[in-house]
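S.K.: entry_3.txt (compact mmCIF, C-alpha atoms and all ligand atoms) pasted underneath:
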```txt
# COMPACT_ATOMS: atom_id res chain seq x y z
CA MET M 1 -19.07 -9.80 26.95
CA SER M 2 -17.46 -9.51 23.49
CA ASN M 3 -14.05 -10.94 22.76
CA ARG M 4 -11.13 -8.55 22.73
CA ALA M 5 -8.71 -7.91 19.85
CA ILE M 6 -5.36 -6.23 20.40
CA ILE M 7 -4.00 -4.53 17.27
CA ILE M 8 -0.40 -3.33 17.08
CA GLY M 9 0.12 -0.40 14.69
CA ALA M 10 -2.22 2.33 13.47
CA GLY M 11 -1.26 2.60 9.79
CA ILE M 12 -3.74 1.74 7.02
CA ALA M 13 -3.73 -1.92 8.10
CA GLY M 14 -4.24 -1.38 11.84
CA LEU M 15 -6.92 1.30 11.57
CA SER M 16 -8.93 -0.63 8.98
CA ALA M 17 -8.58 -3.94 10.86
CA GLY M 18 -9.84 -2.12 13.97
CA ILE M 19 -12.93 -0.89 12.12
CA ALA M 20 -13.68 -4.34 10.67
CA LEU M 21 -13.27 -6.20 13.97
CA ARG M 22 -15.29 -3.65 15.91
CA ASP M 23 -18.07 -3.90 13.30
CA ALA M 24 -17.90 -7.70 13.70
CA GLY M 25 -18.72 -7.29 17.40
CA TRP M 26 -15.25 -7.37 18.93
CA SER M 27 -13.98 -5.06 21.59
CA VAL M 28 -10.91 -3.48 19.92
CA ALA M 29 -7.78 -1.72 21.18
CA VAL M 30 -5.29 -0.32 18.62
CA TYR M 31 -1.84 0.45 20.03
CA GLU M 32 0.48 2.78 18.09
CA GLN M 33 4.04 3.63 19.07
CA ALA M 34 3.93 7.21 17.70
CA PRO M 35 2.69 9.92 20.07
CA LYS M 36 0.60 11.41 17.24
CA LEU M 37 -1.05 9.91 14.14
CA GLU M 38 1.04 11.10 11.20
CA ALA M 39 0.93 9.59 7.72
CA MET M 40 4.31 8.80 6.15
CA GLY M 41 4.73 9.77 2.48
CA ALA M 42 2.59 12.07 0.36
CA ALA M 43 -0.20 10.35 -1.60
CA LEU M 44 -1.08 6.88 -2.85
CA SER M 45 -3.20 5.22 -5.50
CA ILE M 46 -6.31 3.49 -4.26
CA TRP M 47 -7.63 1.11 -6.91
CA PRO M 48 -11.23 -0.12 -7.33
CA ASN M 49 -10.65 -3.25 -5.20
CA ALA M 50 -9.67 -1.05 -2.26
CA VAL M 51 -12.51 1.41 -2.92
CA ALA M 52 -14.86 -1.57 -2.59
CA ALA M 53 -13.09 -2.44 0.68
CA LEU M 54 -13.54 1.13 1.96
CA ASP M 55 -17.23 0.90 1.09
CA GLN M 56 -17.56 -2.33 3.07
CA LEU M 57 -15.76 -0.70 5.99
CA GLY M 58 -18.32 2.14 5.95
CA CYS M 59 -15.72 4.73 4.82
CA GLY M 60 -16.47 4.97 1.09
CA ASP M 61 -18.52 8.18 1.09
CA ALA M 62 -16.15 10.07 3.40
CA PHE M 63 -13.24 8.84 1.29
CA ARG M 64 -14.73 9.97 -2.04
CA LYS M 65 -15.30 13.46 -0.57
CA VAL M 66 -11.56 13.99 -0.07
CA ALA M 67 -9.94 11.84 -2.77
CA PRO M 68 -9.39 13.03 -6.36
CA GLU M 69 -10.18 10.53 -9.09
CA LEU M 70 -7.55 8.66 -11.06
CA GLU M 71 -9.09 7.51 -14.33
CA LEU M 72 -6.32 7.05 -16.90
CA ILE M 73 -3.21 5.00 -16.21
CA GLN M 74 -0.31 5.01 -18.60
CA LEU M 75 3.12 3.50 -19.02
CA ALA M 76 5.50 5.52 -21.21
CA ARG M 77 9.12 5.83 -22.32
CA SER M 78 11.05 8.67 -20.74
CA ASN M 79 10.40 10.92 -23.77
CA GLY M 80 6.65 10.47 -23.30
CA THR M 81 6.03 7.82 -26.02
CA SER M 82 3.16 5.73 -24.67
CA ILE M 83 3.75 2.00 -24.15
CA PHE M 84 0.19 1.40 -23.06
CA ALA M 85 -2.68 3.41 -21.57
CA ASN M 86 -5.89 2.23 -19.95
CA LEU M 87 -9.02 3.91 -18.67
CA ILE M 88 -10.01 2.29 -15.36
CA SER M 89 -13.66 2.56 -16.39
CA ASP M 90 -12.90 0.56 -19.58
CA VAL M 91 -11.35 -2.23 -17.52
CA LEU M 92 -14.08 -2.17 -14.85
CA PRO M 93 -17.15 -0.28 -16.08
CA GLY M 94 -18.56 2.15 -13.50
CA GLN M 95 -15.54 1.92 -11.21
CA ARG M 96 -12.88 4.47 -10.34
CA GLY M 97 -9.38 4.72 -8.97
CA TYR M 98 -8.38 7.56 -6.64
CA LEU M 99 -5.24 9.36 -5.53
CA PRO M 100 -5.84 10.65 -1.97
CA SER M 101 -3.21 12.23 0.20
CA ARG M 102 -2.04 9.73 2.81
CA THR M 103 -3.16 12.11 5.55
CA ASP M 104 -6.71 12.28 4.17
CA LEU M 105 -6.97 8.50 3.92
CA GLN M 106 -5.64 8.09 7.45
CA ASN M 107 -8.09 10.71 8.79
CA VAL M 108 -11.05 8.97 7.13
CA LEU M 109 -10.07 5.65 8.73
CA ALA M 110 -9.25 7.15 12.13
CA GLN M 111 -12.55 9.02 12.29
CA ARG M 112 -14.50 5.89 11.42
CA LEU M 113 -12.59 3.92 14.07
CA GLY M 114 -13.12 6.60 16.73
CA GLY M 115 -10.65 7.84 19.33
CA ASP M 116 -11.80 5.53 22.14
CA CYS M 117 -10.13 2.49 20.54
CA LEU M 118 -6.82 4.20 19.74
CA HIS M 119 -3.91 4.25 22.20
CA LEU M 120 -1.00 6.40 21.00
CA GLY M 121 2.49 6.33 22.53
CA HIS M 122 2.36 2.56 23.11
CA GLN M 123 5.40 0.76 21.71
CA LEU M 124 5.23 -3.02 21.75
CA ALA M 125 7.81 -4.54 24.11
CA ASN M 126 6.84 -8.23 24.31
CA TRP M 127 3.97 -10.57 23.67
CA ARG M 128 2.90 -14.14 24.40
CA THR M 129 -0.07 -16.33 23.63
CA ASP M 130 -1.41 -19.58 25.01
CA GLU M 131 -4.63 -21.55 24.67
CA ARG M 132 -6.43 -19.06 26.95
CA GLY M 133 -5.49 -15.80 25.25
CA VAL M 134 -2.90 -13.13 24.48
CA GLU M 135 -0.80 -10.91 26.73
CA VAL M 136 1.04 -7.90 25.33
CA GLY M 137 3.51 -5.67 27.18
CA PHE M 138 4.44 -2.13 26.13
CA GLU M 139 7.58 -0.08 26.72
CA ASN M 140 5.56 2.36 28.87
CA GLY M 141 4.70 -0.46 31.29
CA HIS M 142 1.11 -0.98 30.14
CA ILE M 143 -0.01 -4.62 29.81
CA ALA M 144 -3.01 -5.61 27.67
CA HIS M 145 -4.91 -8.90 27.62
CA GLY M 146 -7.05 -10.18 24.77
CA ASP M 147 -8.23 -13.11 22.69
CA LEU M 148 -6.67 -12.20 19.33
CA LEU M 149 -3.43 -10.38 18.44
CA ILE M 150 -3.30 -8.53 15.11
CA ALA M 151 0.18 -7.56 13.91
CA ALA M 152 -0.30 -4.41 11.81
CA ASP M 153 3.08 -2.94 12.66
CA GLY M 154 4.50 -2.73 9.16
CA ILE M 155 7.33 -4.38 7.24
CA TRP M 156 9.68 -4.45 10.25
CA SER M 157 7.04 -6.09 12.50
CA ARG M 158 8.70 -8.04 15.28
CA ILE M 159 5.60 -10.18 15.72
CA ALA M 160 5.55 -11.12 12.02
CA GLY M 161 9.29 -11.80 12.15
CA ASP M 162 8.70 -14.34 14.94
CA VAL M 163 5.53 -15.87 13.56
CA LEU M 164 6.13 -15.89 9.79
CA GLY M 165 9.92 -16.12 9.94
CA SER M 166 10.37 -13.57 7.16
CA SER M 167 11.91 -10.13 7.09
CA GLY M 168 12.17 -7.20 4.68
CA LYS M 169 14.99 -7.19 2.09
CA HIS M 170 16.23 -4.30 0.00
CA THR M 171 15.10 -4.53 -3.63
CA GLY M 172 18.01 -2.64 -5.19
CA TYR M 173 16.21 0.63 -5.79
CA GLY M 174 14.88 3.70 -4.00
CA GLY M 175 14.54 7.42 -4.50
CA VAL M 176 12.51 10.47 -3.55
CA LEU M 177 8.84 11.42 -3.74
CA ALA M 178 6.90 14.66 -3.28
CA LEU M 179 3.65 16.53 -3.73
CA SER M 180 4.21 19.59 -5.97
CA ASP M 181 2.51 22.95 -5.87
CA PRO M 182 0.02 23.54 -8.74
CA VAL M 183 1.60 23.07 -12.19
CA ALA M 184 -0.32 25.45 -14.48
CA SER M 185 1.15 24.01 -17.70
CA VAL M 186 0.00 20.44 -16.88
CA PRO M 187 -3.77 20.51 -16.29
CA ASN M 188 -5.39 17.76 -14.26
CA GLN M 189 -6.71 14.91 -16.44
CA ALA M 190 -7.18 12.37 -13.60
CA MET M 191 -4.12 10.67 -15.08
CA GLY M 192 -1.19 8.72 -13.72
CA THR M 193 1.86 8.02 -15.89
CA GLU M 194 4.92 5.97 -15.08
CA TYR M 195 7.92 6.76 -17.29
CA TRP M 196 10.51 4.02 -17.70
CA SER M 197 14.15 4.48 -18.55
CA SER M 198 17.32 2.53 -18.00
CA GLY M 199 17.54 1.81 -14.26
CA ALA M 200 15.23 4.69 -13.35
CA ARG M 201 11.53 5.54 -13.32
CA PHE M 202 9.46 8.64 -12.81
CA GLY M 203 5.82 8.45 -11.64
CA LEU M 204 3.59 11.47 -12.26
CA PHE M 205 0.03 11.55 -10.92
CA ASP M 206 -2.63 14.27 -11.03
CA HIS M 207 -3.74 15.43 -7.61
CA VAL M 208 -6.13 18.15 -6.39
CA GLY M 209 -5.93 21.60 -8.04
CA ASN M 210 -3.22 20.79 -10.61
CA ARG M 211 -0.86 19.63 -7.89
CA LYS M 212 1.13 16.50 -8.81
CA TYR M 213 2.21 13.53 -6.74
CA TRP M 214 5.49 12.28 -8.13
CA PHE M 215 8.30 9.85 -7.40
CA TYR M 216 11.72 9.30 -8.88
CA MET M 217 13.23 5.83 -8.39
CA ARG M 218 16.64 4.64 -9.47
CA ASN M 219 18.88 1.65 -8.92
CA GLU M 220 20.84 2.21 -5.72
CA PRO M 221 22.32 0.13 -2.92
CA ASP M 222 20.60 -0.13 0.45
CA GLY M 223 21.50 2.77 2.68
CA PRO M 224 20.87 6.43 3.24
CA SER M 225 21.99 7.71 -0.22
CA ALA M 226 18.54 9.07 -1.20
CA LYS M 227 18.55 11.18 1.97
CA ASP M 228 21.04 13.52 0.28
CA VAL M 229 19.12 13.82 -3.01
CA LYS M 230 18.19 17.40 -3.92
CA LEU M 231 15.76 18.66 -6.58
CA ASP M 232 18.73 19.61 -8.76
CA ASP M 233 19.98 16.00 -8.68
CA VAL M 234 16.58 14.80 -9.91
CA ARG M 235 16.48 17.59 -12.52
CA ARG M 236 19.88 16.50 -13.85
CA ALA M 237 18.90 12.81 -13.83
CA VAL M 238 15.74 13.40 -15.89
CA ALA M 239 17.09 16.09 -18.23
CA GLY M 240 15.53 15.51 -21.67
CA TRP M 241 12.59 13.47 -20.28
CA ASP M 242 8.96 14.41 -21.00
CA ALA M 243 8.16 18.14 -20.41
CA PRO M 244 5.49 17.67 -17.66
CA ILE M 245 8.14 15.96 -15.50
CA LEU M 246 10.44 18.97 -15.59
CA ALA M 247 7.58 21.44 -15.01
CA THR M 248 6.50 19.41 -11.97
CA ILE M 249 9.98 19.32 -10.46
CA ASP M 250 10.17 23.11 -10.91
CA ALA M 251 6.88 23.45 -8.97
CA THR M 252 8.12 21.36 -6.03
CA PRO M 253 9.51 22.96 -2.87
CA GLU M 254 12.92 21.56 -1.88
CA ALA M 255 11.65 20.92 1.66
CA GLY M 256 8.87 18.70 0.26
CA LEU M 257 11.24 15.94 -0.94
CA ILE M 258 10.76 12.66 0.94
CA PRO M 259 13.50 10.02 0.52
CA PHE M 260 12.61 6.33 0.46
CA SER M 261 14.32 3.02 -0.03
CA ILE M 262 12.31 0.03 -1.21
CA HIS M 263 12.21 -3.15 0.86
CA ALA M 264 9.90 -6.12 0.43
CA LYS M 265 9.31 -9.60 1.85
CA PRO M 266 9.05 -12.87 -0.08
CA PRO M 267 5.50 -14.17 -0.75
CA PRO M 268 4.21 -15.37 2.65
CA LYS M 269 3.66 -19.09 3.26
CA LYS M 270 1.18 -18.31 6.05
CA LEU M 271 -0.39 -15.24 7.63
CA GLY M 272 -0.17 -16.03 11.31
CA GLN M 273 -0.08 -18.66 13.99
CA GLY M 274 -2.76 -19.59 16.51
CA ARG M 275 -4.28 -16.40 17.87
CA VAL M 276 -1.83 -14.15 16.00
CA ILE M 277 -2.70 -12.76 12.54
CA CYS M 278 -0.43 -10.55 10.42
CA VAL M 279 -2.06 -7.93 8.19
CA GLY M 280 -0.79 -5.25 5.81
CA ASP M 281 2.97 -4.93 5.34
CA ALA M 282 3.56 -7.05 8.45
CA GLY M 283 2.03 -10.00 6.59
CA HIS M 284 2.91 -9.31 2.96
CA ALA M 285 5.13 -6.27 2.31
CA MET M 286 5.42 -5.95 -1.47
CA GLU M 287 7.30 -3.70 -3.88
CA PRO M 288 5.24 -0.59 -4.75
CA ASN M 289 5.07 -1.35 -8.48
CA MET M 290 1.36 -2.15 -8.60
CA GLY M 291 0.33 0.46 -6.02
CA GLN M 292 -1.37 -2.29 -4.05
CA GLY M 293 0.36 -2.53 -0.64
CA GLY M 294 -2.13 -0.25 1.10
CA CYS M 295 -5.00 -1.55 -1.04
CA GLN M 296 -4.26 -5.11 0.08
CA ALA M 297 -4.19 -3.97 3.72
CA LEU M 298 -7.75 -2.69 3.22
CA GLU M 299 -8.81 -6.02 1.68
CA ASP M 300 -7.20 -7.77 4.69
CA ALA M 301 -9.48 -5.78 6.98
CA VAL M 302 -12.65 -6.75 5.11
CA ALA M 303 -11.68 -10.45 5.09
CA LEU M 304 -10.64 -10.35 8.75
CA GLY M 305 -13.96 -8.82 9.78
CA ILE M 306 -15.84 -11.57 7.96
CA ALA M 307 -13.58 -14.33 9.31
CA ALA M 308 -14.06 -12.99 12.85
CA ARG M 309 -17.86 -12.78 12.85
CA ASP M 310 -17.86 -16.09 14.66
CA GLN M 311 -15.71 -15.05 17.62
CA ASP M 312 -13.91 -18.34 18.06
CA ALA M 313 -10.38 -16.83 18.07
CA PRO M 314 -8.29 -19.92 17.26
CA ALA M 315 -10.44 -20.67 14.15
CA ILE M 316 -10.18 -17.19 12.61
CA LEU M 317 -6.67 -17.54 11.15
CA LYS M 318 -7.60 -20.58 9.03
CA ARG M 319 -10.60 -18.74 7.56
CA PHE M 320 -8.51 -15.61 6.97
CA GLU M 321 -5.77 -17.57 5.20
CA ARG M 322 -8.33 -19.35 3.02
CA MET M 323 -9.60 -15.97 1.87
CA ARG M 324 -6.32 -14.08 1.56
CA LEU M 325 -3.17 -16.18 1.22
CA LYS M 326 -3.37 -17.02 -2.49
CA ARG M 327 -4.32 -13.47 -3.48
CA VAL M 328 -1.63 -11.69 -1.44
CA ARG M 329 1.02 -14.13 -2.69
CA SER M 330 0.13 -13.26 -6.27
CA PHE M 331 0.32 -9.52 -5.55
CA VAL M 332 3.74 -9.89 -3.91
CA LYS M 333 5.01 -11.82 -6.97
CA LEU M 334 3.46 -9.49 -9.58
CA SER M 335 4.73 -6.43 -7.72
CA ALA M 336 8.28 -7.82 -7.85
CA GLN M 337 7.93 -8.51 -11.59
CA GLY M 338 6.76 -4.90 -12.10
CA GLY M 339 10.23 -3.60 -11.27
CA LEU M 340 12.17 -6.05 -13.42
CA VAL M 341 12.19 -4.32 -16.81
CA SER M 342 13.11 -0.84 -15.69
CA HIS M 343 15.60 -1.81 -12.99
CA ARG M 344 17.12 -5.09 -14.24
CA PHE M 345 16.39 -5.48 -17.98
CA PRO M 346 16.13 -1.90 -19.35
CA ALA M 347 17.26 -3.05 -22.82
CA LEU M 348 13.68 -4.35 -23.21
CA ILE M 349 12.08 -0.90 -22.90
CA PRO M 350 12.46 0.13 -26.58
CA LEU M 351 11.10 -3.28 -27.56
CA LEU M 352 8.02 -2.77 -25.34
CA ALA M 353 7.36 0.52 -27.08
CA THR M 354 7.23 -1.00 -30.58
CA ARG M 355 3.70 -1.16 -31.90
CA GLY M 356 3.17 -4.93 -31.90
CA VAL M 357 4.72 -5.61 -28.51
CA SER M 358 3.01 -2.60 -26.94
CA ALA M 359 -0.36 -3.91 -28.21
CA LEU M 360 0.39 -7.36 -26.74
CA PHE M 361 1.54 -5.83 -23.45
CA GLY M 362 -1.60 -3.66 -23.26
CA ALA M 363 -3.87 -6.62 -24.05
CA GLY M 364 -2.16 -8.71 -21.33
CA ALA M 365 -2.61 -5.92 -18.79
CA ARG M 366 -6.27 -5.46 -19.76
CA ARG M 367 -6.85 -9.20 -19.28
CA GLN M 368 -5.25 -9.23 -15.82
CA LEU M 369 -6.53 -5.95 -14.41
CA PRO M 370 -10.23 -6.84 -13.89
CA ASN M 371 -9.23 -9.75 -11.66
CA LEU M 372 -6.66 -7.71 -9.75
CA TYR M 373 -8.84 -4.61 -9.39
CA GLN M 374 -11.95 -6.51 -8.28
CA MET M 375 -12.15 -7.35 -4.59
CA PRO M 376 -13.25 -10.99 -4.19
CA ASP M 377 -16.57 -11.65 -2.48
CA TYR M 378 -14.97 -12.68 0.81
CA ALA M 379 -18.33 -13.42 2.45
CA LYS M 380 -18.69 -16.34 0.00
CA MET M 381 -15.28 -17.73 0.98
CA VAL M 382 -15.84 -18.29 4.71
C1 LIG M 401 7.22 4.65 -2.44
C2 LIG M 401 5.99 3.87 -2.06
C3 LIG M 401 4.83 4.05 -2.79
C4 LIG M 401 3.69 3.32 -2.48
N1 LIG M 401 2.55 3.53 -3.21
C5 LIG M 401 1.44 2.85 -2.89
C6 LIG M 401 0.23 3.10 -3.62
O1 LIG M 401 0.18 3.92 -4.53
N2 LIG M 401 -0.89 2.38 -3.28
C7 LIG M 401 -0.87 1.46 -2.27
O2 LIG M 401 -1.91 0.85 -1.99
N3 LIG M 401 0.27 1.21 -1.58
C8 LIG M 401 1.40 1.88 -1.85
N4 LIG M 401 2.54 1.67 -1.14
C9 LIG M 401 2.53 0.65 -0.06
C10 LIG M 401 1.85 1.19 1.19
O3 LIG M 401 2.45 2.42 1.57
C11 LIG M 401 2.00 0.20 2.33
O4 LIG M 401 1.68 -1.10 1.89
C12 LIG M 401 1.06 0.55 3.49
O5 LIG M 401 1.30 1.86 3.93
C13 LIG M 401 1.28 -0.44 4.63
O6 LIG M 401 0.45 -0.07 5.71
P1 LIG M 401 0.61 -0.82 7.10
O7 LIG M 401 -0.41 -0.21 8.00
O8 LIG M 401 0.65 -2.27 6.91
O9 LIG M 401 2.09 -0.44 7.61
P2 LIG M 401 2.68 0.96 8.08
O10 LIG M 401 2.15 2.08 7.28
O11 LIG M 401 4.16 0.76 8.11
O12 LIG M 401 2.15 1.16 9.56
C14 LIG M 401 2.67 0.43 10.64
C15 LIG M 401 2.35 1.19 11.91
O13 LIG M 401 2.80 0.40 13.02
C16 LIG M 401 3.48 1.22 13.94
N5 LIG M 401 4.44 0.39 14.67
C17 LIG M 401 5.56 -0.20 14.17
N6 LIG M 401 6.20 -0.87 15.14
C18 LIG M 401 5.45 -0.71 16.28
C19 LIG M 401 5.62 -1.17 17.61
N7 LIG M 401 6.67 -1.91 17.98
N8 LIG M 401 4.66 -0.82 18.53
C20 LIG M 401 3.59 -0.06 18.17
N9 LIG M 401 3.41 0.41 16.92
C21 LIG M 401 4.33 0.08 15.98
C22 LIG M 401 4.16 2.27 13.06
O14 LIG M 401 4.49 3.42 13.79
C23 LIG M 401 3.09 2.52 12.00
O15 LIG M 401 2.19 3.53 12.39
C24 LIG M 401 3.71 2.38 -1.42
C25 LIG M 401 4.88 2.20 -0.69
C26 LIG M 401 6.01 2.94 -1.00
C27 LIG M 401 7.26 2.73 -0.19
```
Translate the structure described by the file into structure tokens.
Ligand SMILES: Cc1cc2nc3c(=O)[nH]c(=O)nc-3n(C[C@H](O)[C@H](O)[C@H](O)COP(=O)(O)OP(=O)(O)OC[C@H]3O[C@@H](n4cnc5c(N)ncnc54)[C@H](O)[C@@H]3O)c2cc1C

M.R.:
Amino acid sequence: MSNRAIIIGAGIAGLSAGIALRDAGWSVAVYEQAPKLEAMGAALSIWPNAVAALDQLGCGDAFRKVAPELELIQLARSNGTSIFANLISDVLPGQRGYLPSRTDLQNVLAQRLGGDCLHLGHQLANWRTDERGVEVGFENGHIAHGDLLIAADGIWSRIAGDVLGSSGKHTGYGGVLALSDPVASVPNQAMGTEYWSSGARFGLFDHVGNRKYWFYMRNEPDGPSAKDVKLDDVRRAVAGWDAPILATIDATPEAGLIPFSIHAKPPPKKLGQGRVICVGDAGHAMEPNMGQGGCQALEDAVALGIAARDQDAPAILKRFERMRLKRVRSFVKLSAQGGLVSHRFPALIPLLATRGVSALFGAGARRQLPNLYQMPDYAKMV
């Protein structure tokens, strides 16, 4: 009989880890506290490294059918002056980025996993492991036994808190995001632009049928302040910014605004303990500045599946850490640096936009991106 993996959480990390472990021959049970699978947020960028991960998880074709392409990425000043712009296909010839809705990505993963493995309405209550296995109790009284426990329960994971000893901290900024209705004056160019100003940023990404995914982030203390933000507040805050921003806000229904507050963990020193492995935000919650939190969860799944081909549960963590620890630490650090200029040192923004510095900045990004956007060959790292 195959070994059994218990996965807590059915976000991007839990669903994809379930697929990878099942494909590696494990019997898999994914337990999710919510009574229904519902994606939080609106859309997200999926970069070529994560597209490669989706391909390895057998989801690539289904994903490409529902996800619009994202080909041009740009950083600009609030008035639209470009700081640097890059075509993904210039950085990695033949490869693409995408901007799926979160619901579409979740559906693709859930369908590939299959309903038999998924147990909704199961909130983790307690867990313990010993040399023989894992026992997990749920608030509804169910008890599950297995050989491996995968914590995929997000940034506030209790398991990761116990095992890694780290917890999420507020980063000093937050805001609102939304998916607009079609914006006729801003045709789709498969483009994503982030506009930087003093202590605030606006992200504007082309989505299907001239709809736009956008976010507005500003320096703010931890707490519920963004919950009260209305479209008019955003309009006032970005008055005078680039015209497509204002057109997009005008095409957004008030009810579509989703508030968020950004929390992140420090770079992890380990990714688990014994039979317990932390994946996704449970293991390495990062600031959203590189659009890689979900992408790294998908890479986790690929590496986990490879590490778990030999079903010796206690040995899997070491292999997984060898493949993943260095890379996720660098993403957590780079993602934190990505927020520094706009939120902490905005005086540097005009300097970045000067021709010489912008050229240097662009060249640095072009040097780094191929490494970041290319999923390592994890099979060679076992
Ligand atoms: C504003 C913003 C923009 C972002 N943009 C991008 C982007 O463009 N690209 C990108 O790749 N990433 C992006 N990210 C990051 C990305 O959203 C996360 O890294 C990713 O969603 C993490 O997935 P996860 O499955 O690890 O965690 P989660 O999505 O948090 O899922 C955890 C799951 O566990 C369940 N759970 C929690 N506790 C329990 C429990 N006790 N028992 C049972 N179930 C439990 C939850 O209900 C949930 O379903 C962004 C994040 C933010 C905030």

S.K.: Could you give me the residues within 6 Å of ligand LIG 401 (chain M), counting only C-alpha atoms and all ligand atoms, as number ranges by chain?

M.R.: M: 8-14, 31-34, 44-46, 122-124, 152-154, 157, 262, 280-282, 288, 291-295

S.K.: Write out as number ranges by chain the residues lying within 8 Å of Asn210 (chain M), counting all atoms listed in the file and excluding same-chain residues fewer than 6 positions away.

M.R.: M: 181-184, 186-188

S.K.: Suppose you want the space between CA of Arg201 (chain M) and CA of Ala247 (chain M); what is it in Å?

M.R.: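 Here the two named atoms are 16.5 Å from each other.
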
S.K.: Counting all atoms listed in the file, write as a PDB file with C-alpha atoms, in the coordinates of the input all protein and nucleic acid residues lying at most 6 Å from (-3.8, 4.8, -16.4) in the file's frame.

M.R.:
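Listing of selection.pdb after writing:
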```pdb
ATOM      1  CA  LEU M  72      -6.320   7.050 -16.900  1.00  0.00           C
ATOM      2  CA  ILE M  73      -3.210   5.000 -16.210  1.00  0.00           C
ATOM      3  CA  GLN M  74      -0.310   5.010 -18.600  1.00  0.00           C
ATOM      4  CA  ALA M  85      -2.680   3.410 -21.570  1.00  0.00           C
ATOM      5  CA  ASN M  86      -5.890   2.230 -19.950  1.00  0.00           C
ATOM      6  CA  LEU M  87      -9.020   3.910 -18.670  1.00  0.00           C
ATOM      7  CA  GLY M 192      -1.190   8.720 -13.720  1.00  0.00           C
TER       8      GLY M 192
END
```

S.K.: Could you state the separation of CA of Lys270 (chain M) and CA of His170 (chain M) in Å, given to one decimal place?

M.R.: 21.4 Å

S.K.: Against region 75-81 of chain M, which residues of region 127-211 of chain M fall within 6 Å? For each one I want the closest pair of atoms and the distance in Å (one decimal), counting all atoms listed in the file, rows by chain and increasing residue number, as CSV.

M.R.:
```
residue,atom,partner,partner_atom,distance
M:Thr193,CA,M:Leu75,CA,5.6
M:Glu194,CA,M:Leu75,CA,5.0
M:Tyr195,CA,M:Ala76,CA,4.8
M:Trp196,CA,M:Arg77,CA,5.2
M:Ser197,CA,M:Ser78,CA,5.7
```

S.K.: What does the file look like for those residues with C-alpha atoms, as a PDB file, keeping the file's coordinate frame?

M.R.:
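Done, and the output landed in selection_8.pdb:
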```
ATOM      1  CA  THR M 193       1.860   8.020 -15.890  1.00  0.00           C
ATOM      2  CA  GLU M 194       4.920   5.970 -15.080  1.00  0.00           C
ATOM      3  CA  TYR M 195       7.920   6.760 -17.290  1.00  0.00           C
ATOM      4  CA  TRP M 196      10.510   4.020 -17.700  1.00  0.00           C
ATOM      5  CA  SER M 197      14.150   4.480 -18.550  1.00  0.00           C
TER       6      SER M 197
END
```

S.K.: Restrict the calculation to all atoms listed in the file, then for each residue of region 317-356 of chain M with any atom at most 10 Å from an atom of region 368-379 of chain M give the closest atom pair and their distance in Å to one decimal, rows by chain and rising residue number, as a tab-separated table.

M.R.:
```
residue	atom	partner	partner_atom	distance
M:Phe320	CA	M:Tyr378	CA	9.4
M:Arg322	CA	M:Tyr378	CA	9.7
M:Met323	CA	M:Tyr378	CA	6.4
M:Arg324	CA	M:Tyr378	CA	8.8
M:Arg327	CA	M:Leu372	CA	8.8
M:Ser330	CA	M:Leu372	CA	9.4
M:Phe331	CA	M:Leu372	CA	8.3
```

S.K.: Any idea what's packed within 7 Å of Ala42 (chain M), counting all atoms listed in the file, ignoring anything in its chain fewer than 6 positions away? Could you give it as a short mmCIF file (atom, residue, chain, number, x, y, z; two decimals) with C-alpha atoms, keeping the file's coordinate frame?

M.R.:
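The new file selection-v5.cif reads:
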```cif
data_model
loop_
_atom_site.label_atom_id
_atom_site.label_comp_id
_atom_site.auth_asym_id
_atom_site.auth_seq_id
_atom_site.Cartn_x
_atom_site.Cartn_y
_atom_site.Cartn_z
CA SER M 101 -3.21 12.23 0.20
CA ARG M 102 -2.04 9.73 2.81
CA ALA M 178 6.90 14.66 -3.28
CA LEU M 179 3.65 16.53 -3.73
#
```

S.K.: As an exercise, work out the distance from CA of Thr252 (chain M) to CA of Ser180 (chain M) in Å and give it to one decimal place.

M.R.: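 Computed distance, CA of Thr252 (chain M) to CA of Ser180 (chain M), equals 4.3 Å.
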
S.K.: Looking at M:Asn126, M:Ser198, M:Ser16, M:Ser185, which one is nearest to Pro244 (chain M), with distances taken over only C-alpha atoms?

M.R.: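 That would be M:Ser185, the residue with the smallest distance to Pro244 (chain M).
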